[in-house]
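Data from run_3.tsv: TSV, N, CA and C atoms
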```
chain	number	residue	atom	x	y	z
A	1	MET	N	-16.47	-16.78	53.22
A	1	MET	CA	-17.20	-16.26	52.09
A	1	MET	C	-16.39	-15.20	51.36
A	2	ALA	N	-15.81	-14.26	52.10
A	2	ALA	CA	-15.02	-13.20	51.48
A	2	ALA	C	-13.84	-13.78	50.71
A	3	SER	N	-13.29	-14.86	51.24
A	3	SER	CA	-12.18	-15.53	50.58
A	3	SER	C	-12.61	-16.10	49.23
A	4	THR	N	-13.81	-16.68	49.19
A	4	THR	CA	-14.33	-17.24	47.95
A	4	THR	C	-14.54	-16.14	46.91
A	5	ILE	N	-15.11	-15.04	47.34
A	5	ILE	CA	-15.33	-13.90	46.43
A	5	ILE	C	-13.99	-13.40	45.91
A	6	SER	N	-13.02	-13.31	46.77
A	6	SER	CA	-11.70	-12.84	46.38
A	6	SER	C	-11.08	-13.78	45.33
A	7	GLN	N	-11.25	-15.08	45.53
A	7	GLN	CA	-10.72	-16.04	44.57
A	7	GLN	C	-11.43	-15.91	43.22
A	8	ILE	N	-12.73	-15.73	43.26
A	8	ILE	CA	-13.50	-15.57	42.02
A	8	ILE	C	-13.07	-14.30	41.30
A	9	LYS	N	-12.90	-13.22	42.06
A	9	LYS	CA	-12.44	-11.96	41.46
A	9	LYS	C	-11.10	-12.16	40.77
A	10	GLN	N	-10.22	-12.88	41.43
A	10	GLN	CA	-8.89	-13.13	40.88
A	10	GLN	C	-8.99	-13.95	39.59
A	11	GLN	N	-9.84	-14.98	39.60
A	11	GLN	CA	-10.01	-15.82	38.41
A	11	GLN	C	-10.62	-15.02	37.26
A	12	VAL	N	-11.63	-14.23	37.55
A	12	VAL	CA	-12.27	-13.42	36.51
A	12	VAL	C	-11.27	-12.41	35.95
A	13	ASN	N	-10.48	-11.82	36.81
A	13	ASN	CA	-9.47	-10.87	36.37
A	13	ASN	C	-8.45	-11.55	35.46
A	14	GLN	N	-8.02	-12.75	35.81
A	14	GLN	CA	-7.07	-13.49	34.97
A	14	GLN	C	-7.67	-13.84	33.61
A	15	ILE	N	-8.93	-14.25	33.61
A	15	ILE	CA	-9.61	-14.55	32.36
A	15	ILE	C	-9.69	-13.29	31.50
A	16	GLY	N	-9.99	-12.18	32.14
A	16	GLY	CA	-10.05	-10.90	31.42
A	16	GLY	C	-8.71	-10.54	30.80
A	17	GLN	N	-7.64	-10.76	31.54
A	17	GLN	CA	-6.30	-10.48	31.02
A	17	GLN	C	-5.97	-11.39	29.84
A	18	GLN	N	-6.34	-12.66	29.97
A	18	GLN	CA	-6.10	-13.61	28.87
A	18	GLN	C	-6.91	-13.22	27.64
A	19	ALA	N	-8.15	-12.81	27.84
A	19	ALA	CA	-9.00	-12.41	26.72
A	19	ALA	C	-8.41	-11.20	26.01
A	20	THR	N	-7.93	-10.23	26.78
A	20	THR	CA	-7.33	-9.03	26.20
A	20	THR	C	-6.05	-9.36	25.44
A	21	SER	N	-5.24	-10.22	26.03
A	21	SER	CA	-4.00	-10.64	25.38
A	21	SER	C	-4.28	-11.39	24.08
A	22	THR	N	-5.22	-12.29	24.13
A	22	THR	CA	-5.59	-13.06	22.93
A	22	THR	C	-6.17	-12.15	21.86
A	23	ALA	N	-6.93	-11.15	22.28
A	23	ALA	CA	-7.48	-10.19	21.32
A	23	ALA	C	-6.36	-9.50	20.56
A	24	GLY	N	-5.31	-9.14	21.25
A	24	GLY	CA	-4.15	-8.51	20.59
A	24	GLY	C	-3.49	-9.44	19.59
A	25	GLN	N	-3.36	-10.70	19.97
A	25	GLN	CA	-2.77	-11.69	19.06
A	25	GLN	C	-3.65	-11.89	17.83
A	26	LEU	N	-4.95	-11.93	18.05
A	26	LEU	CA	-5.87	-12.10	16.92
A	26	LEU	C	-5.84	-10.89	15.99
A	27	ALA	N	-5.72	-9.71	16.56
A	27	ALA	CA	-5.62	-8.51	15.73
A	27	ALA	C	-4.39	-8.58	14.84
A	28	GLN	N	-3.30	-9.10	15.37
A	28	GLN	CA	-2.08	-9.27	14.57
A	28	GLN	C	-2.31	-10.30	13.47
A	29	LEU	N	-3.02	-11.37	13.78
A	29	LEU	CA	-3.35	-12.38	12.78
A	29	LEU	C	-4.19	-11.77	11.66
A	30	ALA	N	-5.16	-10.94	12.01
A	30	ALA	CA	-5.99	-10.28	11.00
A	30	ALA	C	-5.12	-9.41	10.10
A	31	THR	N	-4.18	-8.71	10.67
A	31	THR	CA	-3.26	-7.88	9.88
A	31	THR	C	-2.44	-8.74	8.92
A	32	ASN	N	-1.97	-9.88	9.42
A	32	ASN	CA	-1.20	-10.79	8.57
A	32	ASN	C	-2.05	-11.34	7.43
A	33	LEU	N	-3.30	-11.67	7.73
A	33	LEU	CA	-4.19	-12.15	6.68
A	33	LEU	C	-4.40	-11.08	5.61
A	34	GLU	N	-4.56	-9.84	6.04
A	34	GLU	CA	-4.75	-8.75	5.09
A	34	GLU	C	-3.50	-8.54	4.23
A	35	LYS	N	-2.32	-8.71	4.83
A	35	LYS	CA	-1.09	-8.62	4.05
A	35	LYS	C	-1.04	-9.74	3.01
A	36	ASN	N	-1.53	-10.92	3.38
A	36	ASN	CA	-1.55	-12.03	2.44
A	36	ASN	C	-2.50	-11.76	1.28
A	37	VAL	N	-3.59	-11.07	1.55
A	37	VAL	CA	-4.51	-10.70	0.48
A	37	VAL	C	-3.77	-9.85	-0.55
A	38	ALA	N	-3.02	-8.88	-0.06
A	38	ALA	CA	-2.27	-8.01	-0.97
A	38	ALA	C	-1.20	-8.80	-1.72
A	39	ALA	N	-0.51	-9.69	-1.03
A	39	ALA	CA	0.54	-10.48	-1.68
A	39	ALA	C	-0.03	-11.41	-2.73
A	40	VAL	N	-1.13	-12.08	-2.40
A	40	VAL	CA	-1.76	-12.99	-3.35
A	40	VAL	C	-2.26	-12.21	-4.56
A	41	SER	N	-2.87	-11.09	-4.29
A	41	SER	CA	-3.42	-10.27	-5.37
A	41	SER	C	-2.33	-9.81	-6.33
A	42	SER	N	-1.20	-9.36	-5.79
A	42	SER	CA	-0.13	-8.88	-6.66
A	42	SER	C	0.60	-10.03	-7.35
A	43	ALA	N	0.66	-11.19	-6.71
A	43	ALA	CA	1.40	-12.31	-7.29
A	43	ALA	C	0.60	-13.07	-8.34
A	44	ILE	N	-0.67	-13.34	-8.04
A	44	ILE	CA	-1.44	-14.17	-8.96
A	44	ILE	C	-2.78	-13.55	-9.34
A	45	GLY	N	-2.96	-12.28	-9.03
A	45	GLY	CA	-4.23	-11.62	-9.34
A	45	GLY	C	-4.58	-11.69	-10.81
A	46	GLY	N	-5.83	-11.95	-11.08
A	46	GLY	CA	-6.31	-11.97	-12.45
A	46	GLY	C	-6.11	-13.29	-13.17
A	47	THR	N	-5.81	-14.35	-12.44
A	47	THR	CA	-5.64	-15.64	-13.12
A	47	THR	C	-6.96	-16.08	-13.73
A	48	SER	N	-6.86	-16.76	-14.82
A	48	SER	CA	-8.07	-17.15	-15.55
A	48	SER	C	-8.89	-18.21	-14.81
A	49	SER	N	-8.23	-18.97	-13.95
A	49	SER	CA	-8.97	-20.03	-13.24
A	49	SER	C	-9.82	-19.48	-12.10
A	50	GLY	N	-9.56	-18.26	-11.68
A	50	GLY	CA	-10.33	-17.66	-10.59
A	50	GLY	C	-9.88	-18.08	-9.21
A	51	GLU	N	-8.81	-18.87	-9.14
A	51	GLU	CA	-8.32	-19.32	-7.83
A	51	GLU	C	-7.88	-18.14	-6.97
A	52	ASP	N	-7.37	-17.10	-7.61
A	52	ASP	CA	-6.94	-15.93	-6.86
A	52	ASP	C	-8.12	-15.30	-6.13
A	53	LYS	N	-9.26	-15.20	-6.81
A	53	LYS	CA	-10.44	-14.60	-6.18
A	53	LYS	C	-10.94	-15.46	-5.02
A	54	THR	N	-10.89	-16.77	-5.18
A	54	THR	CA	-11.31	-17.68	-4.11
A	54	THR	C	-10.40	-17.52	-2.90
A	55	MET	N	-9.10	-17.50	-3.15
A	55	MET	CA	-8.15	-17.39	-2.04
A	55	MET	C	-8.27	-16.03	-1.36
A	56	ILE	N	-8.37	-14.98	-2.15
A	56	ILE	CA	-8.49	-13.64	-1.59
A	56	ILE	C	-9.76	-13.52	-0.77
A	57	SER	N	-10.85	-14.04	-1.30
A	57	SER	CA	-12.12	-14.01	-0.57
A	57	SER	C	-12.02	-14.77	0.76
A	58	SER	N	-11.36	-15.92	0.72
A	58	SER	CA	-11.19	-16.71	1.94
A	58	SER	C	-10.38	-15.95	2.98
A	59	PHE	N	-9.29	-15.33	2.55
A	59	PHE	CA	-8.47	-14.54	3.47
A	59	PHE	C	-9.26	-13.37	4.03
A	60	GLN	N	-10.03	-12.70	3.19
A	60	GLN	CA	-10.81	-11.56	3.65
A	60	GLN	C	-11.88	-11.98	4.66
A	61	GLN	N	-12.55	-13.09	4.39
A	61	GLN	CA	-13.57	-13.58	5.32
A	61	GLN	C	-12.93	-13.99	6.64
A	62	ALA	N	-11.78	-14.67	6.56
A	62	ALA	CA	-11.08	-15.07	7.78
A	62	ALA	C	-10.63	-13.86	8.56
A	63	SER	N	-10.11	-12.86	7.88
A	63	SER	CA	-9.66	-11.64	8.55
A	63	SER	C	-10.81	-10.98	9.29
A	64	GLN	N	-11.97	-10.88	8.64
A	64	GLN	CA	-13.13	-10.25	9.28
A	64	GLN	C	-13.59	-11.07	10.50
A	65	ALA	N	-13.60	-12.38	10.36
A	65	ALA	CA	-14.01	-13.23	11.49
A	65	ALA	C	-13.04	-13.07	12.66
A	66	VAL	N	-11.76	-12.99	12.35
A	66	VAL	CA	-10.75	-12.82	13.40
A	66	VAL	C	-10.90	-11.46	14.06
A	67	LYS	N	-11.16	-10.42	13.27
A	67	LYS	CA	-11.39	-9.08	13.84
A	67	LYS	C	-12.60	-9.09	14.76
A	68	ASP	N	-13.67	-9.76	14.33
A	68	ASP	CA	-14.88	-9.84	15.16
A	68	ASP	C	-14.59	-10.58	16.47
A	69	ALA	N	-13.83	-11.66	16.37
A	69	ALA	CA	-13.47	-12.42	17.58
A	69	ALA	C	-12.61	-11.57	18.50
A	70	ALA	N	-11.68	-10.84	17.93
A	70	ALA	CA	-10.80	-9.97	18.74
A	70	ALA	C	-11.63	-8.91	19.46
A	71	ALA	N	-12.59	-8.33	18.76
A	71	ALA	CA	-13.44	-7.31	19.39
A	71	ALA	C	-14.26	-7.91	20.52
A	72	SER	N	-14.78	-9.10	20.32
A	72	SER	CA	-15.56	-9.77	21.37
A	72	SER	C	-14.70	-10.08	22.58
A	73	LEU	N	-13.49	-10.56	22.33
A	73	LEU	CA	-12.59	-10.85	23.44
A	73	LEU	C	-12.18	-9.58	24.17
A	74	GLN	N	-11.97	-8.51	23.44
A	74	GLN	CA	-11.61	-7.23	24.05
A	74	GLN	C	-12.74	-6.76	24.97
A	75	ALA	N	-13.98	-6.90	24.48
A	75	ALA	CA	-15.13	-6.50	25.29
A	75	ALA	C	-15.26	-7.39	26.52
A	76	ALA	N	-15.06	-8.68	26.35
A	76	ALA	CA	-15.14	-9.61	27.49
A	76	ALA	C	-14.05	-9.30	28.51
A	77	GLY	N	-12.86	-9.00	28.02
A	77	GLY	CA	-11.77	-8.65	28.92
A	77	GLY	C	-12.06	-7.39	29.71
A	78	ALA	N	-12.62	-6.40	29.04
A	78	ALA	CA	-12.96	-5.15	29.71
A	78	ALA	C	-14.06	-5.37	30.74
A	79	ALA	N	-15.05	-6.17	30.39
A	79	ALA	CA	-16.15	-6.45	31.32
A	79	ALA	C	-15.64	-7.21	32.54
A	80	ALA	N	-14.76	-8.17	32.32
A	80	ALA	CA	-14.20	-8.94	33.43
A	80	ALA	C	-13.38	-8.05	34.35
A	81	LYS	N	-12.56	-7.20	33.77
A	81	LYS	CA	-11.74	-6.28	34.56
A	81	LYS	C	-12.62	-5.33	35.36
A	82	ASP	N	-13.65	-4.81	34.72
A	82	ASP	CA	-14.57	-3.89	35.38
A	82	ASP	C	-15.26	-4.58	36.55
A	83	TRP	N	-15.78	-5.78	36.32
A	83	TRP	CA	-16.47	-6.50	37.39
A	83	TRP	C	-15.52	-6.81	38.54
A	84	ALA	N	-14.33	-7.29	38.21
A	84	ALA	CA	-13.38	-7.67	39.25
A	84	ALA	C	-12.95	-6.46	40.10
A	85	SER	N	-12.93	-5.29	39.50
A	85	SER	CA	-12.53	-4.10	40.25
A	85	SER	C	-13.65	-3.60	41.16
A	86	LYS	N	-14.90	-3.94	40.84
A	86	LYS	CA	-16.04	-3.48	41.62
A	86	LYS	C	-16.48	-4.47	42.69
A	87	ALA	N	-16.38	-5.73	42.38
A	87	ALA	CA	-16.96	-6.76	43.26
A	87	ALA	C	-16.29	-6.83	44.61
```
Could you show the structure in this file as structure tokens?
Amino acid sequence: MASTISQIKQQVNQIGQQATSTAGQLAQLATNLEKNVAAVSSAIGGTSSGEDKTMISSFQQASQAVKDAAASLQAAGAAAKDWASKA
């Protein structure tokens, strides 16, 4: 039984580490999306067709969704690490 618990702790800890690592990668993606917003805005901002606003809005929405996902993964990683250290 103790061996099974130990294996589960190890698996949960690994999942937590993966979640934390992925959260960092997603945070970088959000930063890149925000840089693209600035680049698109300066390159084609104010076009009469409105495509710039559509693209900028899409990047901003994606960036926010990625930030939210990163925060959720960070929380999951912390919870997994906390549980694995106590169990």
Please report, as CSV, each residue of segment 60-85 of chain A lying at most 6 Å from segment 22-45 of chain A, together with the nearest pair of atoms and the separation in Å rounded to one decimal; use only C-alpha atoms, and order rows by chain and ascending residue number.
```
residue,atom,partner,partner_atom,distance
A:Ser63,CA,A:Ala30,CA,4.6
A:Val66,CA,A:Ala30,CA,5.9
A:Ala70,CA,A:Ala23,CA,4.2
A:Leu73,CA,A:Ala23,CA,5.6
A:Gln74,CA,A:Ala23,CA,5.8
```
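Separating atom C of Lys67 of chain A from atom C of Lys81 of chain A is a distance of 20.9 Å.
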message = Given all atoms listed in the file as the basis, pick out the residue of A:Lys53, A:Gly16, A:Ile5, A:Ala62 nearest to Ala79 of chain A.
response =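 For Ala79 of chain A, the nearest of the given residues is A:Gly16.
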**Request:** Quick one: pull the distance between atom C of Ser72 of chain A and atom N of Ile8 of chain A, Å, one decimal.
**Result:**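 These atoms are spaced 21.5 Å apart.
Atom pair atom CA of Ala80 of chain A / atom CA of Ser3 of chain A: separated by 18.5 Å.
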C-alpha atoms of chain A, written as a PDB file, in the first residue's frame:
```pdb
ATOM      1  CA  MET A   1       0.000   0.000   0.000  1.00  0.00           C
ATOM      2  CA  ALA A   2       2.761   2.466   0.922  1.00  0.00           C
ATOM      3  CA  SER A   3       4.409   1.702  -2.396  1.00  0.00           C
ATOM      4  CA  THR A   4       1.217   2.591  -4.263  1.00  0.00           C
ATOM      5  CA  ILE A   5       0.900   5.882  -2.389  1.00  0.00           C
ATOM      6  CA  SER A   6       4.526   6.650  -3.140  1.00  0.00           C
ATOM      7  CA  GLN A   7       3.961   6.004  -6.844  1.00  0.00           C
ATOM      8  CA  ILE A   8       0.879   8.222  -6.874  1.00  0.00           C
ATOM      9  CA  LYS A   9       2.783  10.982  -5.082  1.00  0.00           C
ATOM     10  CA  GLN A  10       5.524  10.725  -7.676  1.00  0.00           C
ATOM     11  CA  GLN A  11       3.019  10.881 -10.557  1.00  0.00           C
ATOM     12  CA  VAL A  12       1.172  13.848  -9.053  1.00  0.00           C
ATOM     13  CA  ASN A  13       4.459  15.627  -8.476  1.00  0.00           C
ATOM     14  CA  GLN A  14       5.486  15.052 -12.109  1.00  0.00           C
ATOM     15  CA  ILE A  15       2.135  16.346 -13.348  1.00  0.00           C
ATOM     16  CA  GLY A  16       2.588  19.398 -11.145  1.00  0.00           C
ATOM     17  CA  GLN A  17       6.036  20.033 -12.594  1.00  0.00           C
ATOM     18  CA  GLN A  18       4.691  19.673 -16.133  1.00  0.00           C
ATOM     19  CA  ALA A  19       1.825  22.052 -15.363  1.00  0.00           C
ATOM     20  CA  THR A  20       4.226  24.644 -13.959  1.00  0.00           C
ATOM     21  CA  SER A  21       6.571  24.290 -16.923  1.00  0.00           C
ATOM     22  CA  THR A  22       3.720  24.589 -19.407  1.00  0.00           C
ATOM     23  CA  ALA A  23       2.424  27.639 -17.552  1.00  0.00           C
ATOM     24  CA  GLY A  24       5.782  29.325 -18.139  1.00  0.00           C
ATOM     25  CA  GLN A  25       5.671  28.480 -21.838  1.00  0.00           C
ATOM     26  CA  LEU A  26       2.130  29.811 -22.113  1.00  0.00           C
ATOM     27  CA  ALA A  27       3.131  33.033 -20.372  1.00  0.00           C
ATOM     28  CA  GLN A  28       5.822  33.489 -23.021  1.00  0.00           C
ATOM     29  CA  LEU A  29       3.238  32.854 -25.743  1.00  0.00           C
ATOM     30  CA  ALA A  30       0.982  35.523 -24.224  1.00  0.00           C
ATOM     31  CA  THR A  31       3.897  37.961 -24.292  1.00  0.00           C
ATOM     32  CA  ASN A  32       4.545  37.129 -27.943  1.00  0.00           C
ATOM     33  CA  LEU A  33       0.886  37.663 -28.791  1.00  0.00           C
ATOM     34  CA  GLU A  34       0.983  41.058 -27.091  1.00  0.00           C
ATOM     35  CA  LYS A  35       4.085  41.990 -29.087  1.00  0.00           C
ATOM     36  CA  ASN A  36       2.198  41.031 -32.238  1.00  0.00           C
ATOM     37  CA  VAL A  37      -0.637  43.347 -31.243  1.00  0.00           C
ATOM     38  CA  ALA A  38       1.834  46.215 -31.092  1.00  0.00           C
ATOM     39  CA  ALA A  39       3.467  45.215 -34.387  1.00  0.00           C
ATOM     40  CA  VAL A  40       0.148  44.857 -36.205  1.00  0.00           C
ATOM     41  CA  SER A  41      -1.088  48.124 -34.785  1.00  0.00           C
ATOM     42  CA  SER A  42       1.992  50.052 -35.885  1.00  0.00           C
ATOM     43  CA  ALA A  43       2.182  48.355 -39.293  1.00  0.00           C
ATOM     44  CA  ILE A  44      -1.430  48.410 -40.429  1.00  0.00           C
ATOM     45  CA  GLY A  45      -3.302  50.299 -37.721  1.00  0.00           C
ATOM     46  CA  GLY A  46      -6.158  52.429 -38.934  1.00  0.00           C
ATOM     47  CA  THR A  47      -6.834  50.604 -42.180  1.00  0.00           C
ATOM     48  CA  SER A  48     -10.166  51.460 -43.671  1.00  0.00           C
ATOM     49  CA  SER A  49     -11.234  47.826 -43.999  1.00  0.00           C
ATOM     50  CA  GLY A  50     -11.044  47.299 -40.232  1.00  0.00           C
ATOM     51  CA  GLU A  51      -8.969  44.144 -40.608  1.00  0.00           C
ATOM     52  CA  ASP A  52      -6.424  45.594 -38.214  1.00  0.00           C
ATOM     53  CA  LYS A  53      -9.035  45.871 -35.463  1.00  0.00           C
ATOM     54  CA  THR A  54     -10.204  42.305 -36.078  1.00  0.00           C
ATOM     55  CA  MET A  55      -6.669  40.940 -35.954  1.00  0.00           C
ATOM     56  CA  ILE A  56      -5.719  42.996 -32.904  1.00  0.00           C
ATOM     57  CA  SER A  57      -8.874  41.924 -31.102  1.00  0.00           C
ATOM     58  CA  SER A  58      -8.165  38.275 -31.925  1.00  0.00           C
ATOM     59  CA  PHE A  59      -4.608  38.535 -30.604  1.00  0.00           C
ATOM     60  CA  GLN A  60      -5.801  40.278 -27.449  1.00  0.00           C
ATOM     61  CA  GLN A  61      -8.480  37.654 -26.788  1.00  0.00           C
ATOM     62  CA  ALA A  62      -5.996  34.852 -27.420  1.00  0.00           C
ATOM     63  CA  SER A  63      -3.454  36.479 -25.129  1.00  0.00           C
ATOM     64  CA  GLN A  64      -5.999  36.757 -22.314  1.00  0.00           C
ATOM     65  CA  ALA A  65      -7.113  33.145 -22.775  1.00  0.00           C
ATOM     66  CA  VAL A  66      -3.494  31.988 -22.697  1.00  0.00           C
ATOM     67  CA  LYS A  67      -2.830  34.036 -19.545  1.00  0.00           C
ATOM     68  CA  ASP A  68      -5.893  32.487 -17.899  1.00  0.00           C
ATOM     69  CA  ALA A  69      -4.735  28.997 -18.882  1.00  0.00           C
ATOM     70  CA  ALA A  70      -1.240  29.713 -17.554  1.00  0.00           C
ATOM     71  CA  ALA A  71      -2.666  30.888 -14.231  1.00  0.00           C
ATOM     72  CA  SER A  72      -4.820  27.760 -13.961  1.00  0.00           C
ATOM     73  CA  LEU A  73      -1.868  25.514 -14.717  1.00  0.00           C
ATOM     74  CA  GLN A  74       0.281  27.383 -12.205  1.00  0.00           C
ATOM     75  CA  ALA A  75      -2.384  26.852  -9.544  1.00  0.00           C
ATOM     76  CA  ALA A  76      -2.735  23.175 -10.454  1.00  0.00           C
ATOM     77  CA  GLY A  77       1.024  22.730 -10.311  1.00  0.00           C
ATOM     78  CA  ALA A  78       1.210  24.355  -6.897  1.00  0.00           C
ATOM     79  CA  ALA A  79      -1.669  22.240  -5.592  1.00  0.00           C
ATOM     80  CA  ALA A  80      -0.075  19.057  -6.902  1.00  0.00           C
ATOM     81  CA  LYS A  81       3.291  19.923  -5.369  1.00  0.00           C
ATOM     82  CA  ASP A  82       1.647  20.792  -2.063  1.00  0.00           C
ATOM     83  CA  TRP A  83      -0.339  17.546  -1.966  1.00  0.00           C
ATOM     84  CA  ALA A  84       2.629  15.414  -2.953  1.00  0.00           C
ATOM     85  CA  SER A  85       4.760  16.942  -0.203  1.00  0.00           C
ATOM     86  CA  LYS A  86       2.113  16.240   2.454  1.00  0.00           C
ATOM     87  CA  ALA A  87       0.722  12.869   1.469  1.00  0.00           C
TER      88      ALA A  87
END
```
